[in-house]
Amino acid sequence: MKATARAHTNIALIKYWGKRDEQLFLPMNNSISITLDRFYTTTSVSFREDLSADVFVLDGKEMGGHEREKISGFLNLVRRTANHQGYAVVDSLNEVPTAAGFASSASGFAALAAASTRALNFTISNEGLSILARQGSGSASRSIYGGYAEWHKGTCQDGSDSFATQILPENAWDLSVLSVMVEARQKKVLSREGMRRTVETSPFYAGWLDSLEIDLSAARDAIHKQDFEQLGTVLERNALKMHATTFGANPPFLYWTGATIDVMQVVQELRENGVLAYFTIDAGPNVKVICQPADEQVVKDRLLELECVQDIFLCHPGPGIHYLTT
Ligand code: 2P0
């Protein structure tokens with residue numbers, strides 16, 4: 001009763017920002033992402049008769065406390081879904097630079113959902129896996145798929161229609177995603193708390209929700225047409241709007257540092273010089289710059305001229321979950 005699965009991280013082009021149900025991880029809005037080739041989590045799960053509790057090993061180290069509880073809580077959900085009793089050993093290897101602002105929770109819970117259901121020989125669709133992964137971390141719902149995916153917020157109270165679907169596979173449209181690392185420190189306001197505070201207190205949150213349909217349809221349409229300028233324009237606008245909601249929260253907060261703004265300005269300057277590049281920023285100070293593969297070297301060289309840039313990780317669209325033989 002053992003299986004191994006791999007899932008890749010993803011980066012949101014249209015952001016998931018705010019939950020309507022914290023227990024079930026139901027979002028306030030749809031989101032759209034690209035799954036990335038370079039960063040992934042590989043997880044083996046084996047259910048064993050001889051265990052009296054779940055065991056979680058991350059990067060070779062046995063975890064306890066909150067980390068183990070999170071995994072065990074997720075496995076409870078899998079056990080309920082697959083109608084199985086019995087504990088498991090979960091062995092995960094993260095190929096994700098969390099210091100660069102990549103969330104390992106997306107690839108982590110997508111890989112765990114896939115490996116644990118496969119270990120139990122439980123037949124499940126990709127949509128079912130997306131629903132399961134979502135309940136570990138919202139953004140994990142999108143990492144089931146390669147390429148470009150949309151997580152539909154759904155309308156059911158039980159979350160049964162809140163899952164992601166693929167818009168375009170990874171080999172359909174190549175783009176370059178440069179993850180520009182300006183700071184390796186942990187973020188001060190975790191995204192979970194940031195979302196909650198924004199939904200509850202920011203007067204700008206209503207504006208975020210009101211304008212989302214326009215951003216979603218522009219992004220979807222741009223991906224279908226493979227119109228990079230249209231996609232870049234909307235993804236940058238959407239990221240700035242997400243961050244604007246945090247300025248209005250009480251107490252207000254800001255994920256950027258001066259270096260974040262330096263990178264944003266270089267991206268805008270590149271565009272003024274005819275190089276199509278756009279930025280997006282998640283719940284931290286690091287910036288992801290998106291451009292077409294033909295421009296990636298020019299963009300990278302220009303960004304490396306900035307003293308505040310510590311490192312740049314270059315990614316392309318990557319695959320969805322897959323199973324490895326062990
Ligand atoms: C996203 N973020 O769409 C957004 C944009 C951060 C900013 O998804 O609470 O780790 O586990 O559902 O998925 C990060 O939040 O949050 C995130 P939970 P998650 O990628």
# chains A, B, ... in the order shown; residues from 1 in each chain; ligands from 1
$ residues_around --residues "A:Leu240" --least-positions-apart "5" --cutoff "9 Å" --atoms "only C-alpha atoms" --output "VMD selection string"
chain A and resid 235 245 280 to 281
$ residues_around --residues "stretch 54-58 of chain A" --least-positions-apart "3" --cutoff "12 Å" --atoms "only C-alpha atoms" --output "VMD selection string"
chain A and resid 41 to 51 61 to 76 79 85 to 95 104 108 112
$ write_last_selection --atoms "C-alpha atoms" --output "PDB file, in the first residue's frame"
ATOM      1  CA  THR A  41       7.477  18.095  -4.231  1.00  0.00           C
ATOM      2  CA  THR A  42       7.854  14.312  -4.417  1.00  0.00           C
ATOM      3  CA  THR A  43       5.874  12.420  -1.799  1.00  0.00           C
ATOM      4  CA  SER A  44       5.656   8.734  -0.933  1.00  0.00           C
ATOM      5  CA  VAL A  45       2.819   7.469   1.211  1.00  0.00           C
ATOM      6  CA  SER A  46       2.571   3.993   2.677  1.00  0.00           C
ATOM      7  CA  PHE A  47      -0.302   2.858   4.851  1.00  0.00           C
ATOM      8  CA  ARG A  48       0.893   0.285   7.370  1.00  0.00           C
ATOM      9  CA  GLU A  49      -0.780  -1.978   9.880  1.00  0.00           C
ATOM     10  CA  ASP A  50       1.974  -1.639  12.473  1.00  0.00           C
ATOM     11  CA  LEU A  51       1.633   2.124  13.111  1.00  0.00           C
ATOM     12  CA  LYS A  61      13.810  14.778   8.893  1.00  0.00           C
ATOM     13  CA  GLU A  62      10.984  13.430  11.010  1.00  0.00           C
ATOM     14  CA  MET A  63       8.589  16.253  11.839  1.00  0.00           C
ATOM     15  CA  GLY A  64       6.483  16.671  14.961  1.00  0.00           C
ATOM     16  CA  GLY A  65       4.070  19.230  16.384  1.00  0.00           C
ATOM     17  CA  HIS A  66       2.089  21.447  14.072  1.00  0.00           C
ATOM     18  CA  GLU A  67       3.708  20.134  10.878  1.00  0.00           C
ATOM     19  CA  ARG A  68       2.746  16.549  11.635  1.00  0.00           C
ATOM     20  CA  GLU A  69      -0.747  17.581  12.757  1.00  0.00           C
ATOM     21  CA  LYS A  70      -1.386  19.335   9.450  1.00  0.00           C
ATOM     22  CA  ILE A  71      -0.449  16.193   7.511  1.00  0.00           C
ATOM     23  CA  SER A  72      -2.408  13.941   9.862  1.00  0.00           C
ATOM     24  CA  GLY A  73      -5.473  16.173   9.571  1.00  0.00           C
ATOM     25  CA  PHE A  74      -5.234  15.930   5.800  1.00  0.00           C
ATOM     26  CA  LEU A  75      -4.832  12.144   5.951  1.00  0.00           C
ATOM     27  CA  ASN A  76      -7.988  11.978   8.084  1.00  0.00           C
ATOM     28  CA  ARG A  79      -9.204   8.144   5.121  1.00  0.00           C
ATOM     29  CA  GLN A  85      -8.622   3.086   8.709  1.00  0.00           C
ATOM     30  CA  GLY A  86      -4.931   2.873   9.408  1.00  0.00           C
ATOM     31  CA  TYR A  87      -1.963   5.182   9.694  1.00  0.00           C
ATOM     32  CA  ALA A  88       0.635   6.106   7.129  1.00  0.00           C
ATOM     33  CA  VAL A  89       4.245   7.100   6.698  1.00  0.00           C
ATOM     34  CA  VAL A  90       4.522  10.229   4.534  1.00  0.00           C
ATOM     35  CA  ASP A  91       7.966  10.902   3.108  1.00  0.00           C
ATOM     36  CA  SER A  92       8.279  14.222   1.237  1.00  0.00           C
ATOM     37  CA  LEU A  93      11.146  15.818  -0.637  1.00  0.00           C
ATOM     38  CA  ASN A  94      10.773  19.486  -1.467  1.00  0.00           C
ATOM     39  CA  GLU A  95      12.496  20.877  -4.522  1.00  0.00           C
ATOM     40  CA  SER A 104       5.628  24.639  -1.012  1.00  0.00           C
ATOM     41  CA  GLY A 108       3.065  19.622  -1.122  1.00  0.00           C
ATOM     42  CA  LEU A 112       0.098  14.242  -0.877  1.00  0.00           C
TER      43      LEU A 112
END
$ residues_around --residues "stretch 156-170 of chain A" --least-positions-apart "6" --cutoff "7 Å" --atoms "only C-alpha atoms" --output "number ranges by chain"
A: 24, 26, 127, 130-131, 141-142, 145-150, 317-319
$ select_by_dssp --residues "stretch 45-256 of chain A" --states "strand (DSSP E or B)" --output "ChimeraX atom specification"
/A:45-48,55-58,61-63,87-95,148-151,164-168,176-181
$ write_last_selection --atoms "C-alpha atoms" --output "mmCIF file, in the first residue's frame"
data_model
loop_
_atom_site.group_PDB
_atom_site.id
_atom_site.type_symbol
_atom_site.label_atom_id
_atom_site.label_comp_id
_atom_site.auth_asym_id
_atom_site.auth_seq_id
_atom_site.Cartn_x
_atom_site.Cartn_y
_atom_site.Cartn_z
ATOM 1 C CA VAL A 45 2.819 7.469 1.211
ATOM 2 C CA SER A 46 2.571 3.993 2.677
ATOM 3 C CA PHE A 47 -0.302 2.858 4.851
ATOM 4 C CA ARG A 48 0.893 0.285 7.370
ATOM 5 C CA VAL A 55 4.648 9.660 10.589
ATOM 6 C CA PHE A 56 5.775 12.668 8.515
ATOM 7 C CA VAL A 57 9.306 12.907 7.163
ATOM 8 C CA LEU A 58 10.192 16.116 5.325
ATOM 9 C CA LYS A 61 13.810 14.778 8.893
ATOM 10 C CA GLU A 62 10.984 13.430 11.010
ATOM 11 C CA MET A 63 8.589 16.253 11.839
ATOM 12 C CA TYR A 87 -1.963 5.182 9.694
ATOM 13 C CA ALA A 88 0.635 6.106 7.129
ATOM 14 C CA VAL A 89 4.245 7.100 6.698
ATOM 15 C CA VAL A 90 4.522 10.229 4.534
ATOM 16 C CA ASP A 91 7.966 10.902 3.108
ATOM 17 C CA SER A 92 8.279 14.222 1.237
ATOM 18 C CA LEU A 93 11.146 15.818 -0.637
ATOM 19 C CA ASN A 94 10.773 19.486 -1.467
ATOM 20 C CA GLU A 95 12.496 20.877 -4.522
ATOM 21 C CA TYR A 148 -2.439 26.947 -17.232
ATOM 22 C CA ALA A 149 -5.251 26.230 -14.763
ATOM 23 C CA GLU A 150 -8.275 27.962 -13.289
ATOM 24 C CA TRP A 151 -9.644 27.257 -9.824
ATOM 25 C CA ALA A 164 -9.507 23.614 -10.731
ATOM 26 C CA THR A 165 -9.547 22.690 -14.397
ATOM 27 C CA GLN A 166 -6.892 23.047 -17.070
ATOM 28 C CA ILE A 167 -7.054 25.956 -19.522
ATOM 29 C CA LEU A 168 -4.039 24.991 -21.664
ATOM 30 C CA SER A 176 9.344 32.460 -19.014
ATOM 31 C CA VAL A 177 8.813 33.090 -15.317
ATOM 32 C CA LEU A 178 11.786 34.663 -13.554
ATOM 33 C CA SER A 179 11.553 34.473 -9.808
ATOM 34 C CA VAL A 180 13.516 37.450 -8.574
ATOM 35 C CA MET A 181 14.727 36.984 -5.042
#
$ residues_near_ligand --ligand "ligand 1" --cutoff "7 Å" --atoms "only C-alpha atoms and all ligand atoms" --output "PyMOL selection string"
chain A and resi 11-12+14-17+25+31+103+105-106+136-140+191-192+282-283
$ closest_atom_pairs --of "stretch 181-237 of chain A" --to "stretch 301-311 of chain A" --cutoff "10 Å" --atoms "only C-alpha atoms" --output "tab-separated table"
residue	atom	partner	partner_atom	distance
A:Met181	CA	A:Asp311	CA	5.2
A:Val182	CA	A:Val309	CA	4.8
A:Glu183	CA	A:Gln310	CA	7.3
A:Ala184	CA	A:Gln310	CA	8.8
$ residues_around --residues "A:Gly194" --least-positions-apart "5" --cutoff "10 Å" --atoms "only C-alpha atoms" --output "PDB file with N, CA and C atoms, in the first residue's frame"
ATOM      1  N   TRP A  17      -7.418  35.415  -3.272  1.00  0.00           N
ATOM      2  CA  TRP A  17      -7.196  36.319  -2.137  1.00  0.00           C
ATOM      3  C   TRP A  17      -8.478  36.450  -1.334  1.00  0.00           C
ATOM      4  N   GLY A  18      -8.613  35.637  -0.304  1.00  0.00           N
ATOM      5  CA  GLY A  18      -9.775  35.681   0.567  1.00  0.00           C
ATOM      6  C   GLY A  18     -10.568  34.387   0.518  1.00  0.00           C
ATOM      7  N   LYS A 188       6.172  38.625   7.232  1.00  0.00           N
ATOM      8  CA  LYS A 188       5.667  38.987   8.563  1.00  0.00           C
ATOM      9  C   LYS A 188       4.199  38.616   8.734  1.00  0.00           C
ATOM     10  N   VAL A 189       3.414  38.808   7.691  1.00  0.00           N
ATOM     11  CA  VAL A 189       1.997  38.452   7.770  1.00  0.00           C
ATOM     12  C   VAL A 189       1.782  37.285   6.816  1.00  0.00           C
ATOM     13  N   VAL A 199     -10.187  40.562   4.122  1.00  0.00           N
ATOM     14  CA  VAL A 199     -11.620  40.328   3.896  1.00  0.00           C
ATOM     15  C   VAL A 199     -12.436  41.018   4.998  1.00  0.00           C
ATOM     16  N   THR A 245      -5.427  46.013  -1.602  1.00  0.00           N
ATOM     17  CA  THR A 245      -6.404  45.684  -0.546  1.00  0.00           C
ATOM     18  C   THR A 245      -5.730  45.644   0.827  1.00  0.00           C
ATOM     19  N   THR A 246      -4.451  45.282   0.859  1.00  0.00           N
ATOM     20  CA  THR A 246      -3.764  45.186   2.162  1.00  0.00           C
ATOM     21  C   THR A 246      -3.489  46.578   2.749  1.00  0.00           C
ATOM     22  N   ALA A 249      -6.392  47.492   4.939  1.00  0.00           N
ATOM     23  CA  ALA A 249      -6.775  46.633   6.063  1.00  0.00           C
ATOM     24  C   ALA A 249      -6.525  47.342   7.389  1.00  0.00           C
ATOM     25  N   PRO A 252      -3.262  48.037   8.756  1.00  0.00           N
ATOM     26  CA  PRO A 252      -2.784  47.868   7.379  1.00  0.00           C
ATOM     27  C   PRO A 252      -1.451  47.128   7.326  1.00  0.00           C
ATOM     28  N   PHE A 253      -1.171  46.520   6.202  1.00  0.00           N
ATOM     29  CA  PHE A 253       0.136  45.863   6.051  1.00  0.00           C
ATOM     30  C   PHE A 253       0.557  45.912   4.598  1.00  0.00           C
ATOM     31  N   LEU A 254       1.852  45.665   4.410  1.00  0.00           N
ATOM     32  CA  LEU A 254       2.466  45.824   3.091  1.00  0.00           C
ATOM     33  C   LEU A 254       3.508  44.724   2.936  1.00  0.00           C
ATOM     34  N   TYR A 255       3.420  43.955   1.846  1.00  0.00           N
ATOM     35  CA  TYR A 255       4.383  42.868   1.646  1.00  0.00           C
ATOM     36  C   TYR A 255       5.668  43.330   0.969  1.00  0.00           C
ATOM     37  N   ALA A 283       2.386  36.915  -1.448  1.00  0.00           N
ATOM     38  CA  ALA A 283       2.368  37.445  -0.091  1.00  0.00           C
ATOM     39  C   ALA A 283       3.784  37.533   0.486  1.00  0.00           C
TER      40      ALA A 283
END
$ select_by_dssp --residues "stretch 49-262 of chain A" --states "helix (DSSP H, G or I)" --output "ChimeraX atom specification"
/A:65-82,98-100,104-119,126-134,138-144,191-201,205-210,212-225,228-247,258-262
$ closest_residue --among "A:Arg80, A:Ile144, A:Thr117, A:Asp210" --to "A:Tyr40" --atoms "only C-alpha atoms"
A:Ile144
$ closest_residue --among "A:Leu324, A:Val78, A:Leu175, A:Ala222" --to "A:Ile290" --atoms "only C-alpha atoms"
A:Leu175
$ closest_residue --among "A:Glu296, A:Thr81, A:Ser211, A:Lys225" --to "A:Arg237" --atoms "only C-alpha atoms"
A:Ser211
$ atom_distance --atom1 "atom CA of A:Val289" --atom2 "atom CA of A:Phe204"
25.4 Å
$ closest_residue --among "A:Asn238, A:Thr98, A:Thr198, A:Ser116" --to "A:Asn286" --atoms "only C-alpha atoms"
A:Thr98
